[in-house]
>>> print(open('upload.cif').read())   # mmCIF, C-alpha atoms
data_upload
#
loop_
_atom_site.label_atom_id
_atom_site.label_comp_id
_atom_site.auth_asym_id
_atom_site.auth_seq_id
_atom_site.Cartn_x
_atom_site.Cartn_y
_atom_site.Cartn_z
CA MET A 6 -121.89 -44.80 -0.12
CA ASP A 7 -125.01 -45.50 -2.20
CA ASN A 8 -123.11 -44.46 -5.33
CA LEU A 9 -120.80 -47.41 -4.86
CA PHE A 10 -123.57 -49.71 -6.01
CA GLY A 11 -124.70 -49.59 -9.61
CA GLU A 12 -128.16 -50.51 -10.82
CA LEU A 13 -127.16 -53.71 -12.58
CA ARG A 14 -129.15 -56.59 -13.93
CA LEU A 15 -128.15 -60.18 -14.43
CA GLY A 16 -128.21 -59.94 -18.21
CA HIS A 17 -125.56 -57.20 -18.14
CA LEU A 18 -123.01 -59.38 -16.36
CA ARG A 19 -121.18 -62.20 -18.09
CA LEU A 20 -122.11 -65.54 -16.59
CA ALA A 21 -118.56 -66.78 -17.16
CA PRO A 22 -115.24 -65.33 -18.36
CA LEU A 23 -114.79 -65.14 -22.11
CA GLY A 24 -114.00 -68.52 -23.55
CA ALA A 25 -115.18 -70.33 -20.45
CA ARG A 26 -118.65 -71.25 -21.68
CA ARG A 27 -119.05 -74.79 -22.89
CA ARG A 28 -120.00 -75.31 -26.52
CA THR A 29 -121.92 -78.49 -25.80
CA LYS A 30 -124.67 -79.03 -23.29
CA VAL A 31 -123.42 -80.65 -20.10
CA THR A 32 -125.62 -83.37 -18.63
CA ALA A 33 -126.30 -83.81 -14.94
CA SER A 34 -124.16 -86.94 -14.80
CA GLN A 35 -121.23 -85.19 -16.50
CA ALA A 36 -121.49 -82.21 -14.16
CA ALA A 37 -121.63 -84.46 -11.09
CA ALA A 38 -118.51 -86.29 -12.24
CA GLU A 39 -116.66 -82.97 -12.73
CA TYR A 40 -117.67 -81.61 -9.33
CA THR A 41 -116.44 -84.71 -7.54
CA GLY A 42 -113.44 -85.54 -9.71
CA ARG A 43 -112.08 -82.08 -10.47
CA TRP A 44 -113.07 -80.06 -7.42
CA GLY A 45 -113.43 -82.75 -4.77
CA TRP A 46 -116.94 -81.65 -3.82
CA ALA A 47 -119.61 -84.00 -2.52
CA VAL A 48 -122.74 -84.04 -4.67
CA ALA A 49 -126.18 -85.60 -4.50
CA THR A 50 -128.58 -86.37 -7.30
CA GLY A 51 -132.28 -85.77 -7.58
CA ASP A 52 -135.11 -86.16 -10.02
CA PRO A 53 -135.82 -83.60 -12.76
CA VAL A 54 -138.05 -80.71 -11.75
CA THR A 55 -141.19 -80.67 -13.85
CA GLY A 56 -144.05 -78.20 -14.05
CA ALA A 57 -144.10 -74.43 -14.24
CA THR A 58 -142.13 -73.81 -11.05
CA ALA A 59 -140.18 -75.66 -8.42
CA PRO A 60 -142.19 -76.66 -5.32
CA THR A 61 -142.03 -74.25 -2.41
CA ARG A 62 -141.98 -76.99 0.24
CA CYS A 63 -139.39 -79.73 0.56
CA PRO A 64 -139.77 -83.25 2.00
CA CYS A 65 -136.74 -82.50 4.21
CA GLY A 66 -138.97 -80.23 6.31
CA SER A 67 -136.67 -77.19 6.21
CA PRO A 68 -138.60 -74.00 5.38
CA ARG A 69 -135.38 -72.51 3.96
CA CYS A 70 -134.30 -75.42 1.77
CA ALA A 71 -132.70 -73.96 -1.36
CA ALA A 72 -133.49 -77.02 -3.49
CA PRO A 73 -137.14 -77.89 -2.69
CA GLY A 74 -137.87 -79.37 -6.10
CA PRO A 75 -134.86 -81.60 -6.77
CA HIS A 76 -134.07 -82.48 -3.15
CA PRO A 77 -132.59 -86.00 -3.00
CA GLY A 78 -134.80 -88.77 -1.79
CA PRO A 79 -134.03 -90.95 1.24
CA GLY A 80 -130.75 -92.80 0.92
CA ARG A 81 -129.56 -90.78 -2.06
CA GLY A 82 -127.76 -87.94 -0.32
CA GLY A 83 -124.13 -87.58 -1.38
CA ARG A 84 -124.36 -90.04 -4.27
CA ALA A 85 -123.34 -88.95 -7.73
CA ARG A 86 -122.95 -92.38 -9.33
CA GLY A 87 -125.89 -93.32 -11.47
CA ALA A 88 -127.08 -89.75 -11.99
CA ARG A 89 -129.61 -89.45 -14.78
CA ALA A 90 -128.53 -87.27 -17.67
CA GLU A 91 -131.63 -85.07 -17.34
CA GLY A 92 -131.80 -85.19 -13.54
CA SER A 93 -130.79 -82.67 -10.90
CA VAL A 94 -127.40 -82.16 -9.29
CA LEU A 95 -127.23 -80.89 -5.72
CA PHE A 96 -124.48 -79.60 -3.46
CA PRO A 97 -124.84 -80.73 0.19
CA THR A 98 -123.92 -77.60 2.15
CA GLY A 99 -121.91 -77.64 5.34
CA ARG A 100 -119.17 -79.90 3.96
CA ALA A 101 -116.78 -78.23 1.52
CA PHE A 102 -118.63 -74.91 1.83
CA ASP A 103 -121.70 -73.07 3.11
CA VAL A 104 -123.78 -70.79 0.88
CA LEU A 105 -124.87 -67.19 1.47
CA ASP A 106 -128.19 -66.68 -0.31
CA VAL A 107 -129.38 -63.16 -1.25
CA PRO A 108 -131.79 -61.46 -3.71
CA GLU A 109 -130.41 -61.17 -7.23
CA GLN A 110 -130.26 -57.38 -7.46
CA ALA A 111 -128.63 -56.93 -4.06
CA GLY A 112 -126.18 -59.71 -4.86
CA LEU A 113 -125.18 -58.13 -8.16
CA GLN A 114 -124.61 -54.76 -6.52
CA ALA A 115 -122.50 -56.33 -3.80
CA LEU A 116 -120.52 -58.41 -6.31
CA VAL A 117 -119.56 -55.34 -8.33
CA ARG A 118 -118.47 -53.49 -5.21
CA LEU A 119 -116.47 -56.44 -3.84
CA GLU A 120 -114.60 -56.97 -7.08
CA ARG A 121 -113.85 -53.25 -7.39
CA MET A 122 -112.30 -53.41 -3.92
CA GLY A 123 -110.17 -56.37 -5.01
CA THR A 124 -111.90 -58.85 -2.72
CA GLN A 125 -111.39 -62.43 -3.80
CA VAL A 126 -114.95 -63.67 -4.31
CA GLY A 127 -115.43 -67.41 -4.60
CA PRO A 128 -117.87 -69.27 -6.86
CA VAL A 129 -121.30 -67.65 -7.26
CA LEU A 130 -124.49 -69.34 -8.42
CA ALA A 131 -127.32 -67.57 -10.24
CA VAL A 132 -130.65 -69.25 -9.48
CA PRO A 133 -133.62 -68.60 -11.80
CA THR A 134 -135.86 -67.92 -8.79
CA GLY A 135 -134.17 -64.50 -8.55
CA ARG A 136 -131.43 -65.33 -6.06
CA LEU A 137 -127.63 -65.29 -6.03
CA GLN A 138 -125.72 -67.77 -3.91
CA PHE A 139 -122.15 -67.11 -2.75
CA LEU A 140 -120.04 -70.12 -1.76
CA VAL A 141 -118.16 -69.37 1.46
CA ALA A 142 -116.19 -71.28 4.08
CA ALA A 143 -117.98 -74.12 5.86
CA ASP A 144 -119.46 -73.44 9.33
CA THR A 145 -120.65 -69.97 8.30
CA ALA A 146 -124.30 -70.84 8.96
CA ARG A 147 -123.58 -71.62 12.61
CA ARG A 148 -121.60 -68.40 13.08
CA LEU A 149 -123.85 -66.11 11.03
CA PRO A 150 -125.77 -64.52 13.95
CA ASP A 151 -122.52 -63.64 15.71
CA LEU A 152 -120.93 -62.32 12.52
CA LEU A 153 -123.93 -60.07 11.84
CA TYR A 154 -123.92 -58.89 15.46
CA ARG A 155 -120.26 -57.91 15.27
CA MET A 156 -120.94 -55.96 12.07
CA GLY A 157 -123.95 -54.16 13.54
CA TRP A 158 -126.59 -55.95 11.47
CA ASP A 159 -128.02 -58.21 14.18
CA ASP A 160 -131.31 -56.31 14.50
CA ALA A 161 -131.78 -55.51 10.80
CA ALA A 162 -134.43 -57.27 8.73
CA LEU A 163 -132.26 -58.65 5.93
CA ASP A 164 -133.27 -61.00 3.15
CA LEU A 165 -130.01 -62.90 3.66
CA VAL A 166 -129.81 -66.55 4.70
CA CYS A 167 -127.03 -69.09 4.94
CA HIS A 168 -127.35 -72.74 3.98
CA GLY A 169 -125.14 -74.94 6.10
CA GLU A 170 -124.99 -78.44 7.52
CA GLY A 171 -127.93 -80.60 6.46
CA GLY A 172 -128.96 -78.33 3.57
CA TYR A 173 -128.73 -78.51 -0.20
CA VAL A 174 -128.49 -76.05 -3.08
CA ALA A 175 -129.17 -76.87 -6.71
CA ALA A 176 -126.07 -76.96 -8.92
CA PRO A 177 -125.67 -76.29 -12.64
CA PRO A 178 -127.02 -77.54 -14.99
CA THR A 179 -130.12 -78.32 -12.88
CA VAL A 180 -133.27 -76.89 -14.49
CA LEU A 181 -135.99 -75.59 -12.18
CA GLY A 182 -139.09 -76.25 -14.25
CA SER A 183 -139.95 -73.53 -16.75
CA LEU A 184 -137.93 -70.99 -14.76
CA GLY A 185 -134.73 -72.19 -16.41
CA PRO A 186 -131.36 -73.57 -15.33
CA VAL A 187 -129.14 -72.79 -12.38
CA ARG A 188 -125.97 -71.19 -13.78
CA TRP A 189 -122.55 -70.10 -12.65
CA LEU A 190 -122.19 -66.34 -12.36
CA ARG A 191 -118.61 -66.87 -11.18
CA ARG A 192 -117.22 -70.33 -11.86
CA PRO A 193 -115.06 -72.35 -9.45
CA THR A 194 -111.34 -72.17 -10.05
CA ARG A 195 -108.32 -74.02 -8.72
CA ASP A 196 -107.72 -71.16 -6.30
CA ASN A 197 -111.16 -71.02 -4.71
CA ALA A 198 -112.76 -74.46 -5.16
CA GLY A 199 -110.89 -76.01 -2.27
CA CYS A 200 -110.66 -72.85 -0.18
CA PRO A 201 -113.79 -70.68 -0.47
CA PRO A 202 -113.55 -67.20 1.09
CA GLU A 203 -114.31 -66.50 4.71
CA ALA A 204 -117.82 -65.09 5.03
CA ARG A 205 -116.64 -62.01 6.96
CA LEU A 206 -114.90 -60.77 3.79
CA LEU A 207 -118.21 -60.63 1.90
CA LEU A 208 -120.86 -60.33 4.56
CA GLY A 209 -120.66 -56.61 5.32
CA THR A 210 -121.09 -55.63 1.68
CA LEU A 211 -123.83 -58.22 1.10
CA ALA A 212 -125.73 -57.11 4.21
CA TYR A 213 -125.54 -53.44 3.20
CA ALA A 214 -126.78 -54.21 -0.33
CA CYS A 215 -129.68 -56.27 1.07
CA HIS A 216 -130.53 -53.47 3.50
CA ARG A 217 -130.56 -50.81 0.78
CA SER A 218 -132.59 -53.03 -1.52
CA ARG A 219 -135.19 -53.50 1.19
CA GLU A 220 -135.30 -49.76 1.89
CA ARG A 221 -135.90 -48.96 -1.77
CA THR A 222 -138.68 -51.54 -1.95
CA ALA A 223 -140.34 -49.98 1.09
CA GLU A 224 -140.18 -46.42 -0.31
CA PRO A 225 -143.38 -44.89 -1.73
CA ALA A 226 -143.48 -44.90 -5.51
CA TRP A 227 -143.20 -41.11 -5.74
CA MET A 228 -139.97 -41.17 -3.69
CA ALA A 229 -138.41 -44.07 -5.59
CA SER A 230 -139.01 -42.42 -8.98
#
>>> encode(input="upload.cif", output="structure tokens")
Amino acid sequence: MDNLFGELRLGHLRLAPLGARRRTKVTASQAAAEYTGRWGWAVATGDPVTGATAPTRCPCGSPRCAAPGPHPGPGRGGRARGARAEGSVLFPTGRAFDVLDVPEQAGLQALVRLERMGTQVGPVLAVPTGRLQFLVAADTARRLPDLLYRMGWDDAALDLVCHGEGGYVAAPPTVLGSLGPVRWLRRPTRDNAGCPPEARLLLGTLAYACHRSRERTAEPAWMAS
């Protein structure tokens, strides 16, 4: 089964279908308006992330917050109006969708396999911290332990988390300091924006890819070569 996953890197995959890239730079305020007006998603706005990297701790107190740098301040959650052009755009998770968050390499391997099988994958975010984020049906975070148990992954140490109710993820074109911008690896479409895939359709392949990635990392150098 290992041969089903290719050794792919982010630069070898198109970040959007041909012709889908915008020719002009989209501001945070324009992106927020599109997310709410075109896709019906709730958004929040935050301040620009400055410095070399995004902070590792977030004022929200969650150790797994996926947007620790541009997290919205008190009273700003869910508001898109008045977004600064150079600010941050955030998706509150647990409303229109939850987000499965995995290491970049494992996510790329799983994405290739899922699309070869004909699985309808929803929108996917590429985060410059080395993570891929798959948008899936809301309420996945609450059900994740049971889903993993049913698939036989309940006792495996997987670098796989799910952001659900009360969480945030950074949305394009948010820039995370000098690391670069958050980008769409697979853009939202009319078919999947309002109806993201059920997590069970993706989770088995994502869990296996994360497991194999962890095994390879743990192998001695002479075995991995």
>>> resolve_selection(input="upload.cif", expression="the PyMOL selection byres ((chain A and resi 145) around 8)", output="PDB file with C-alpha atoms, in the coordinates of the input")
ATOM      1  CA  ASP A 103    -121.700 -73.070   3.110  1.00  0.00           C
ATOM      2  CA  VAL A 141    -118.160 -69.370   1.460  1.00  0.00           C
ATOM      3  CA  ALA A 142    -116.190 -71.280   4.080  1.00  0.00           C
ATOM      4  CA  ALA A 143    -117.980 -74.120   5.860  1.00  0.00           C
ATOM      5  CA  ASP A 144    -119.460 -73.440   9.330  1.00  0.00           C
ATOM      6  CA  ALA A 146    -124.300 -70.840   8.960  1.00  0.00           C
ATOM      7  CA  ARG A 147    -123.580 -71.620  12.610  1.00  0.00           C
ATOM      8  CA  ARG A 148    -121.600 -68.400  13.080  1.00  0.00           C
ATOM      9  CA  LEU A 149    -123.850 -66.110  11.030  1.00  0.00           C
ATOM     10  CA  CYS A 167    -127.030 -69.090   4.940  1.00  0.00           C
ATOM     11  CA  GLY A 169    -125.140 -74.940   6.100  1.00  0.00           C
ATOM     12  CA  ALA A 204    -117.820 -65.090   5.030  1.00  0.00           C
TER      13      ALA A 204
END
>>> resolve_selection(input="upload.cif", expression="the PyMOL selection byres ((chain A and resi 101) around 8)", output="ChimeraX atom specification")
/A:46-47,98-100,102-103,142-143,199
>>> resolve_selection(input="upload.cif", expression="the PyMOL selection byres ((chain A and resi 153) around 12)", output="ChimeraX atom specification")
/A:145-152,154-163,165-167,204-205,207-213
>>> write_last_selection(input="upload.cif", atoms="C-alpha atoms", output="PDB file, in the frame of the given file")
ATOM      1  CA  THR A 145    -120.650 -69.970   8.300  1.00  0.00           C
ATOM      2  CA  ALA A 146    -124.300 -70.840   8.960  1.00  0.00           C
ATOM      3  CA  ARG A 147    -123.580 -71.620  12.610  1.00  0.00           C
ATOM      4  CA  ARG A 148    -121.600 -68.400  13.080  1.00  0.00           C
ATOM      5  CA  LEU A 149    -123.850 -66.110  11.030  1.00  0.00           C
ATOM      6  CA  PRO A 150    -125.770 -64.520  13.950  1.00  0.00           C
ATOM      7  CA  ASP A 151    -122.520 -63.640  15.710  1.00  0.00           C
ATOM      8  CA  LEU A 152    -120.930 -62.320  12.520  1.00  0.00           C
ATOM      9  CA  TYR A 154    -123.920 -58.890  15.460  1.00  0.00           C
ATOM     10  CA  ARG A 155    -120.260 -57.910  15.270  1.00  0.00           C
ATOM     11  CA  MET A 156    -120.940 -55.960  12.070  1.00  0.00           C
ATOM     12  CA  GLY A 157    -123.950 -54.160  13.540  1.00  0.00           C
ATOM     13  CA  TRP A 158    -126.590 -55.950  11.470  1.00  0.00           C
ATOM     14  CA  ASP A 159    -128.020 -58.210  14.180  1.00  0.00           C
ATOM     15  CA  ASP A 160    -131.310 -56.310  14.500  1.00  0.00           C
ATOM     16  CA  ALA A 161    -131.780 -55.510  10.800  1.00  0.00           C
ATOM     17  CA  ALA A 162    -134.430 -57.270   8.730  1.00  0.00           C
ATOM     18  CA  LEU A 163    -132.260 -58.650   5.930  1.00  0.00           C
ATOM     19  CA  LEU A 165    -130.010 -62.900   3.660  1.00  0.00           C
ATOM     20  CA  VAL A 166    -129.810 -66.550   4.700  1.00  0.00           C
ATOM     21  CA  CYS A 167    -127.030 -69.090   4.940  1.00  0.00           C
ATOM     22  CA  ALA A 204    -117.820 -65.090   5.030  1.00  0.00           C
ATOM     23  CA  ARG A 205    -116.640 -62.010   6.960  1.00  0.00           C
ATOM     24  CA  LEU A 207    -118.210 -60.630   1.900  1.00  0.00           C
ATOM     25  CA  LEU A 208    -120.860 -60.330   4.560  1.00  0.00           C
ATOM     26  CA  GLY A 209    -120.660 -56.610   5.320  1.00  0.00           C
ATOM     27  CA  THR A 210    -121.090 -55.630   1.680  1.00  0.00           C
ATOM     28  CA  LEU A 211    -123.830 -58.220   1.100  1.00  0.00           C
ATOM     29  CA  ALA A 212    -125.730 -57.110   4.210  1.00  0.00           C
ATOM     30  CA  TYR A 213    -125.540 -53.440   3.200  1.00  0.00           C
TER      31      TYR A 213
END
>>> axis_aligned_box(input="upload.cif", around="region 162-166 of chain A", padding_each_side="4 Å", output="lines of an AutoDock Vina configuration file")
center_x = -132.1
center_y = -61.9
center_z = 5.9
size_x = 12.6
size_y = 17.3
size_z = 13.6
>>> closest_residue(input="upload.cif", among="A:Arg195, A:Arg188, A:His216, A:His168", to="Gly127 (chain A)", atoms="all atoms listed in the file")
A:Arg195
>>> atom_distance(input="upload.cif", atom1="CA of Ala176 (chain A)", atom2="CA of Arg219 (chain A)")
27.1 Å
>>> closest_residue(input="upload.cif", among="A:Gly123, A:Pro97, A:Pro53, A:Pro128", to="Arg191 (chain A)", atoms="all atoms listed in the file")
A:Pro128
>>> atom_distance(input="upload.cif", atom1="CA of Val104 (chain A)", atom2="CA of Gly135 (chain A)")
15.4 Å
>>> atom_distance(input="upload.cif", atom1="CA of Gln114 (chain A)", atom2="CA of Gly172 (chain A)")
26.0 Å
>>> closest_atom_pairs(input="upload.cif", of="region 92-154 of chain A", to="region 26-45 of chain A", cutoff="8 Å", atoms="all atoms listed in the file", output="Markdown table")
| residue | atom | partner | partner_atom | distance |
| --- | --- | --- | --- | --- |
| A:Gly92 | CA | A:Ala33 | CA | 5.8 |
| A:Ser93 | CA | A:Ala33 | CA | 6.1 |
| A:Val94 | CA | A:Ala33 | CA | 6.0 |
>>> closest_residue(input="upload.cif", among="A:Val132, A:Asp106, A:Cys200, A:Ala214", to="Pro186 (chain A)", atoms="only C-alpha atoms")
A:Val132
>>> residues_around(input="upload.cif", residues="Ala175 (chain A)", least_positions_apart="2", cutoff="8 Å", atoms="only C-alpha atoms", output="PyMOL selection string")
chain A and resi 71-72+75+93-96+173+177+179+187
